[in-house]
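Asks: Dropping the structure in here first, questions after.
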Amino acid sequence: MLGIIMAVIGRDLKLAMRRQADIVSALFFFIIVVSLFPLGIGPEPDLLRKLAPGVLWVAALLATMLSLPRLFADDHRDGTLEQLALAPHPLGLVVTGKVIAHWLVSGLPLALIAPVLGVQFDLSADALVVLTAAILIGTPALSGIGAIGAALTLGLRGGGVLLSLLVLPLYIPVLIFGAGAVDATVTGLGGEGHLSLLAALTLASVGFAPWASAAALKIALE
Amino acid sequence: MLEADNLECVRGERRLFAGLTFRLGAGELLHLQGRNGSGKTSLLRMLIGLLPPESGEIRWQGEGIRTLAGELCYLGHLNAIKEELTPLENLLAAARLAGEELSEDDALDALEQVGLAGREDLACKYLSQGQKRRVALARLVNEKRPLWILDEPFVALDTLAVDWLAGIISAHLQRGGLAVMTTHQAVNIPAGTVRELRLG
């Protein structure tokens, strides 16, 4: 069981490394969108501190969306997805591997760069730590939920827009608790409660989403 | 033994075939023929379980199609190879993802047999159409699973490669394997029993 997940992760990471433009462009999109806000709003530290959690999280959602359409599309186009569906192990395990690989190349880099970007918003050290933790804990949920949308829109014309309409509303809980964790830290309430809820969302979606995606993929393959 | 019982296929509003029944035993090859759009690929997709038949039943060793997983090798008209990976990486990854054991030496040997010696380390995007097809076919060299479903395996191959592939399929039949394939070309499979089925 673990073997097949590791095999999928290994293959997807190798493919991502050969096609680094995809990873880099989503990361730069995140950096640029976040950096535009302090430039547009001007040097008002109080306002920036208030805006920071929301801006960083919305940018993280959009950056994750960028790479979602290709999650299954490449495998679908070249026939690999059929082969994966025919293999003796459940397709849900394959999708679990793909979701983890997607997080490693899209969510993890966002979490690593987020504290640097947070400095532009004059966030305190405590808030930066919580921000990084929140993005680290919350982004796997984005990959998981996104996988369902990517599977449902596989092979559709104009699937990219439909994917955003389908997935972004489902991202709202992650956005609320993710931004809420940083907010609560800034106002001195402590973000542990929000982080726990975020972790629960992640566990639920990474555990459940691959199986829902697998069911959708089987329909797409018919 | 692969059995199809009274299969019916409906795509969109059109009924492609109905009442299709056949039995295929060890060492037999079923050669599907028919015009474009007569339902050859649809039938293959039913046999591998990706397309549920409108009515009728498919059995493998007397049981439902679910028991097929792990005993089936499918080669579609898509090559299922990754352009960014080298032929060697493609073979090894395909085997791992199918839950099969494949050593690097066996994989290199397979690539040599399909005439890709010296190109093992070249990304597949630099290969020609025929060479990509050969990478996909190299999977068959070390394939031990008993049922092969081949959709147009001879497309884009030169005459030498066609003869080689016919030999590989013969060897598979001689080992007691089964195969179902579609092709428009006249191909001579030297060993095993070839049965023909015309659709449409």
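Simple scheme: letters A, B, ... for chains in structure tokens order, numbers from 1 for residues in each chain, numbers from 1 for ligands in the order shown.
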May I ask you to extract the residues of chain B within 6 Å of chain A, using only C-alpha atoms, and to give them as number ranges by chain?
Replies: B: 50-51, 69-70, 78, 80, 98
Asks: With N, CA and C atoms kept, could you save the residues just selected as an mmCIF file, in the first residue's frame?
Replies:
data_model
loop_
_atom_site.group_PDB
_atom_site.id
_atom_site.type_symbol
_atom_site.label_atom_id
_atom_site.label_comp_id
_atom_site.auth_asym_id
_atom_site.auth_seq_id
_atom_site.Cartn_x
_atom_site.Cartn_y
_atom_site.Cartn_z
ATOM 1 N N LEU B 50 -13.163 -0.706 -18.126
ATOM 2 C CA LEU B 50 -13.283 0.753 -18.030
ATOM 3 C C LEU B 50 -14.634 1.241 -18.553
ATOM 4 N N LEU B 51 -15.295 0.416 -19.357
ATOM 5 C CA LEU B 51 -16.585 0.815 -19.916
ATOM 6 C C LEU B 51 -17.597 -0.272 -19.582
ATOM 7 N N ALA B 69 -7.981 -7.523 -12.468
ATOM 8 C CA ALA B 69 -6.895 -6.623 -12.093
ATOM 9 C C ALA B 69 -5.677 -7.460 -11.710
ATOM 10 N N GLY B 70 -4.536 -7.116 -12.257
ATOM 11 C CA GLY B 70 -3.331 -7.863 -11.942
ATOM 12 C C GLY B 70 -3.069 -9.012 -12.897
ATOM 13 N N LEU B 78 -3.115 5.058 -27.095
ATOM 14 C CA LEU B 78 -2.195 6.017 -26.488
ATOM 15 C C LEU B 78 -1.026 5.237 -25.893
ATOM 16 N N ALA B 80 0.935 5.825 -23.303
ATOM 17 C CA ALA B 80 1.126 5.834 -21.851
ATOM 18 C C ALA B 80 2.592 5.962 -21.475
ATOM 19 N N ALA B 98 2.330 -0.552 -11.952
ATOM 20 C CA ALA B 98 1.436 -1.681 -12.186
ATOM 21 C C ALA B 98 1.616 -2.748 -11.103
#
Asks: Residues within 9 Å of Gly92 of chain A, please, as a list of chain:residue names. Count only C-alpha atoms; anything in the same chain fewer than 5 positions from it doesn't count.
Replies: A:Gly97, A:Ala209, A:Pro210, A:Trp211, A:Ala212, A:Ser213, A:Ala214, A:Ala215
Asks: Which polymer residues have any atom within 12 Å of an atom of Phe37 of chain A, counting only C-alpha atoms, with same-chain residues fewer than 3 positions away left out, as JSON, numbers by chain?
Replies: {"A": [30, 31, 32, 33, 34, 40, 41, 42, 43, 44, 47, 48, 49, 51, 52, 53, 54, 55, 56, 58, 59, 117, 118, 120, 121]}
Asks: Can you write just those residues out, N, CA and C atoms, as a PDB file, in the first residue's frame?
Replies:
ATOM      1  N   PHE A  30       2.537  33.824  -6.604  1.00  0.00           N
ATOM      2  CA  PHE A  30       2.272  34.055  -5.178  1.00  0.00           C
ATOM      3  C   PHE A  30       3.070  35.260  -4.673  1.00  0.00           C
ATOM      4  N   ILE A  31       4.364  35.259  -4.976  1.00  0.00           N
ATOM      5  CA  ILE A  31       5.238  36.343  -4.492  1.00  0.00           C
ATOM      6  C   ILE A  31       4.759  37.691  -5.029  1.00  0.00           C
ATOM      7  N   ILE A  32       4.453  37.738  -6.325  1.00  0.00           N
ATOM      8  CA  ILE A  32       4.098  39.020  -6.937  1.00  0.00           C
ATOM      9  C   ILE A  32       2.751  39.525  -6.426  1.00  0.00           C
ATOM     10  N   VAL A  33       1.747  38.629  -6.367  1.00  0.00           N
ATOM     11  CA  VAL A  33       0.423  39.065  -5.903  1.00  0.00           C
ATOM     12  C   VAL A  33       0.531  39.616  -4.480  1.00  0.00           C
ATOM     13  N   VAL A  34       1.251  38.903  -3.617  1.00  0.00           N
ATOM     14  CA  VAL A  34       1.370  39.349  -2.225  1.00  0.00           C
ATOM     15  C   VAL A  34       2.122  40.679  -2.153  1.00  0.00           C
ATOM     16  N   GLY A  40       0.601  48.926  -3.305  1.00  0.00           N
ATOM     17  CA  GLY A  40      -0.613  49.655  -3.646  1.00  0.00           C
ATOM     18  C   GLY A  40      -1.175  50.426  -2.469  1.00  0.00           C
ATOM     19  N   ILE A  41      -1.069  49.877  -1.284  1.00  0.00           N
ATOM     20  CA  ILE A  41      -1.692  50.498  -0.117  1.00  0.00           C
ATOM     21  C   ILE A  41      -0.815  51.587   0.482  1.00  0.00           C
ATOM     22  N   GLY A  42       0.493  51.422   0.358  1.00  0.00           N
ATOM     23  CA  GLY A  42       1.392  52.445   0.889  1.00  0.00           C
ATOM     24  C   GLY A  42       1.846  52.100   2.298  1.00  0.00           C
ATOM     25  N   PRO A  43       2.750  52.923   2.853  1.00  0.00           N
ATOM     26  CA  PRO A  43       3.387  52.593   4.139  1.00  0.00           C
ATOM     27  C   PRO A  43       2.480  52.883   5.336  1.00  0.00           C
ATOM     28  N   GLU A  44       1.482  52.042   5.519  1.00  0.00           N
ATOM     29  CA  GLU A  44       0.620  52.191   6.702  1.00  0.00           C
ATOM     30  C   GLU A  44       0.638  50.883   7.470  1.00  0.00           C
ATOM     31  N   LEU A  47      -2.627  49.150   8.969  1.00  0.00           N
ATOM     32  CA  LEU A  47      -3.538  48.607   7.960  1.00  0.00           C
ATOM     33  C   LEU A  47      -2.947  47.331   7.346  1.00  0.00           C
ATOM     34  N   LEU A  48      -1.644  47.360   7.032  1.00  0.00           N
ATOM     35  CA  LEU A  48      -0.987  46.217   6.408  1.00  0.00           C
ATOM     36  C   LEU A  48      -1.034  45.003   7.331  1.00  0.00           C
ATOM     37  N   ARG A  49      -0.766  45.236   8.622  1.00  0.00           N
ATOM     38  CA  ARG A  49      -0.797  44.111   9.576  1.00  0.00           C
ATOM     39  C   ARG A  49      -2.178  43.466   9.597  1.00  0.00           C
ATOM     40  N   LEU A  51      -4.346  43.482   7.095  1.00  0.00           N
ATOM     41  CA  LEU A  51      -4.661  42.852   5.805  1.00  0.00           C
ATOM     42  C   LEU A  51      -3.862  41.571   5.566  1.00  0.00           C
ATOM     43  N   ALA A  52      -2.685  41.494   6.183  1.00  0.00           N
ATOM     44  CA  ALA A  52      -1.712  40.460   5.818  1.00  0.00           C
ATOM     45  C   ALA A  52      -2.285  39.035   5.747  1.00  0.00           C
ATOM     46  N   PRO A  53      -2.945  38.548   6.825  1.00  0.00           N
ATOM     47  CA  PRO A  53      -3.372  37.139   6.767  1.00  0.00           C
ATOM     48  C   PRO A  53      -4.286  36.847   5.582  1.00  0.00           C
ATOM     49  N   GLY A  54      -5.255  37.738   5.362  1.00  0.00           N
ATOM     50  CA  GLY A  54      -6.195  37.526   4.266  1.00  0.00           C
ATOM     51  C   GLY A  54      -5.507  37.548   2.922  1.00  0.00           C
ATOM     52  N   VAL A  55      -4.631  38.533   2.721  1.00  0.00           N
ATOM     53  CA  VAL A  55      -3.947  38.661   1.431  1.00  0.00           C
ATOM     54  C   VAL A  55      -3.089  37.434   1.151  1.00  0.00           C
ATOM     55  N   LEU A  56      -2.319  37.013   2.157  1.00  0.00           N
ATOM     56  CA  LEU A  56      -1.433  35.861   1.945  1.00  0.00           C
ATOM     57  C   LEU A  56      -2.229  34.596   1.655  1.00  0.00           C
ATOM     58  N   VAL A  58      -5.410  34.371   0.432  1.00  0.00           N
ATOM     59  CA  VAL A  58      -6.089  34.413  -0.879  1.00  0.00           C
ATOM     60  C   VAL A  58      -5.072  34.148  -1.987  1.00  0.00           C
ATOM     61  N   ALA A  59      -3.883  34.746  -1.865  1.00  0.00           N
ATOM     62  CA  ALA A  59      -2.856  34.516  -2.888  1.00  0.00           C
ATOM     63  C   ALA A  59      -2.455  33.040  -2.912  1.00  0.00           C
ATOM     64  N   LEU A 117       7.659  36.955   2.895  1.00  0.00           N
ATOM     65  CA  LEU A 117       6.675  37.899   2.380  1.00  0.00           C
ATOM     66  C   LEU A 117       5.938  38.600   3.521  1.00  0.00           C
ATOM     67  N   GLY A 118       5.760  37.878   4.637  1.00  0.00           N
ATOM     68  CA  GLY A 118       5.067  38.454   5.782  1.00  0.00           C
ATOM     69  C   GLY A 118       5.776  39.684   6.337  1.00  0.00           C
ATOM     70  N   GLN A 120       7.004  42.060   4.730  1.00  0.00           N
ATOM     71  CA  GLN A 120       6.533  43.254   4.013  1.00  0.00           C
ATOM     72  C   GLN A 120       5.308  43.870   4.684  1.00  0.00           C
ATOM     73  N   PHE A 121       4.594  43.031   5.450  1.00  0.00           N
ATOM     74  CA  PHE A 121       3.365  43.500   6.090  1.00  0.00           C
ATOM     75  C   PHE A 121       3.591  43.848   7.556  1.00  0.00           C
TER      76      PHE A 121
END
Asks: Would you mind telling me which residue in A:Ser35, A:Thr153, A:Ser106, A:Ser124 lies nearest to Phe72 of chain A when using only C-alpha atoms?
Replies: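 The closest residue to Phe72 of chain A is A:Thr153.
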Asks: Please produce, as CSV, a per-residue contact table for segment 2-67 of chain A versus segment 146-151 of chain A (criterion: any atom at most 12 Å away, only C-alpha atoms considered), showing the nearest atom pair and its distance in Å to one decimal, sorted by chain then residue number.
Replies:
residue,atom,partner,partner_atom,distance
A:Leu61,CA,A:Gly146,CA,10.0
A:Leu62,CA,A:Gly146,CA,11.3
A:Ala63,CA,A:Gly146,CA,11.8
A:Thr64,CA,A:Gly146,CA,8.4
A:Met65,CA,A:Gly146,CA,7.5
A:Leu66,CA,A:Gly146,CA,10.6
A:Ser67,CA,A:Gly146,CA,9.7
Asks: Write out as a PyMOL selection string which residues come within 12 Å of segment 180-183 of chain A when counting only C-alpha atoms, dropping same-chain ones fewer than 4 positions away.
Replies: chain A and resi 49-57+115+118+123-135+137-138+172-176+187-199
Asks: So which bits of segment 23-204 of chain A end up alpha helix (DSSP H) when you DSSP the backbone, as a PyMOL selection string?
Replies: chain A and resi 23-41+45-67+70-77+80-86+91-102+108-119+125-152+159-167+172-186+192-204
Asks: From the set B:Gly37, B:Gly27, B:Gly76, B:Gly130, which residue has the shortest atom-to-atom contact distance to Cys9 of chain B, counting only C-alpha atoms?
Replies: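 That would be B:Gly37, the residue with the smallest distance to Cys9 of chain B.
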Asks: Quick one: residues within 8 Å of Phe154 of chain B, only C-alpha atoms counted, chain neighbours fewer than 6 positions away excluded, as a list of chain:residue names?
Replies: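 So the residues in contact are B:Val162, B:Leu165, B:Thr183, B:Gln185.
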Asks: Using only C-alpha atoms, which residue out of A:Leu71, A:Leu91, A:Ala21, A:Leu39 lies closest to Gly160 of chain A?
Replies: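 Of the candidates, the smallest distance to Gly160 of chain A is held by A:Leu71.
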Asks: Return the single residue from B:Arg134, B:Arg145, B:Arg59, B:Arg14 that is closest to Ile81 of chain B, with distances computed using only C-alpha atoms.
Replies: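 Closest residue, counting only C-alpha atoms: B:Arg134.
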Asks: Which neighbours of Arg195 of chain B fall inside 7 Å, counting only C-alpha atoms, when residues of the same chain fewer than 2 positions from it are skipped, and could you give them as a PyMOL selection string?
Replies: chain B and resi 29-31+193+197
Asks: Might you pull out every residue within 7 Å of Tyr74 of chain B, with only C-alpha atoms counted and same-chain residues fewer than 6 positions away left off, and present them as a list in words?
Replies: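 Once the adjacent positions are removed, what remains is Trp148, Ile149 and Leu150 of chain B.
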Asks: Emit the selected residues as a PDB file, in the first residue's frame, including N, CA and C atoms.
Replies:
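Everything below was put into result.pdb:
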ATOM      1  N   TRP B 148      -3.588 -10.333 -22.631  1.00  0.00           N
ATOM      2  CA  TRP B 148      -3.127  -9.108 -23.286  1.00  0.00           C
ATOM      3  C   TRP B 148      -4.268  -8.530 -24.111  1.00  0.00           C
ATOM      4  N   ILE B 149      -4.521  -7.254 -23.909  1.00  0.00           N
ATOM      5  CA  ILE B 149      -5.524  -6.559 -24.712  1.00  0.00           C
ATOM      6  C   ILE B 149      -4.769  -5.485 -25.492  1.00  0.00           C
ATOM      7  N   LEU B 150      -4.705  -5.628 -26.801  1.00  0.00           N
ATOM      8  CA  LEU B 150      -3.869  -4.742 -27.605  1.00  0.00           C
ATOM      9  C   LEU B 150      -4.720  -3.989 -28.613  1.00  0.00           C
TER      10      LEU B 150
END
Asks: Quick one: pull the distance between atom CA of Met181 of chain B and atom CA of Met46 of chain B, Å, one decimal.
Replies: 13.2 Å
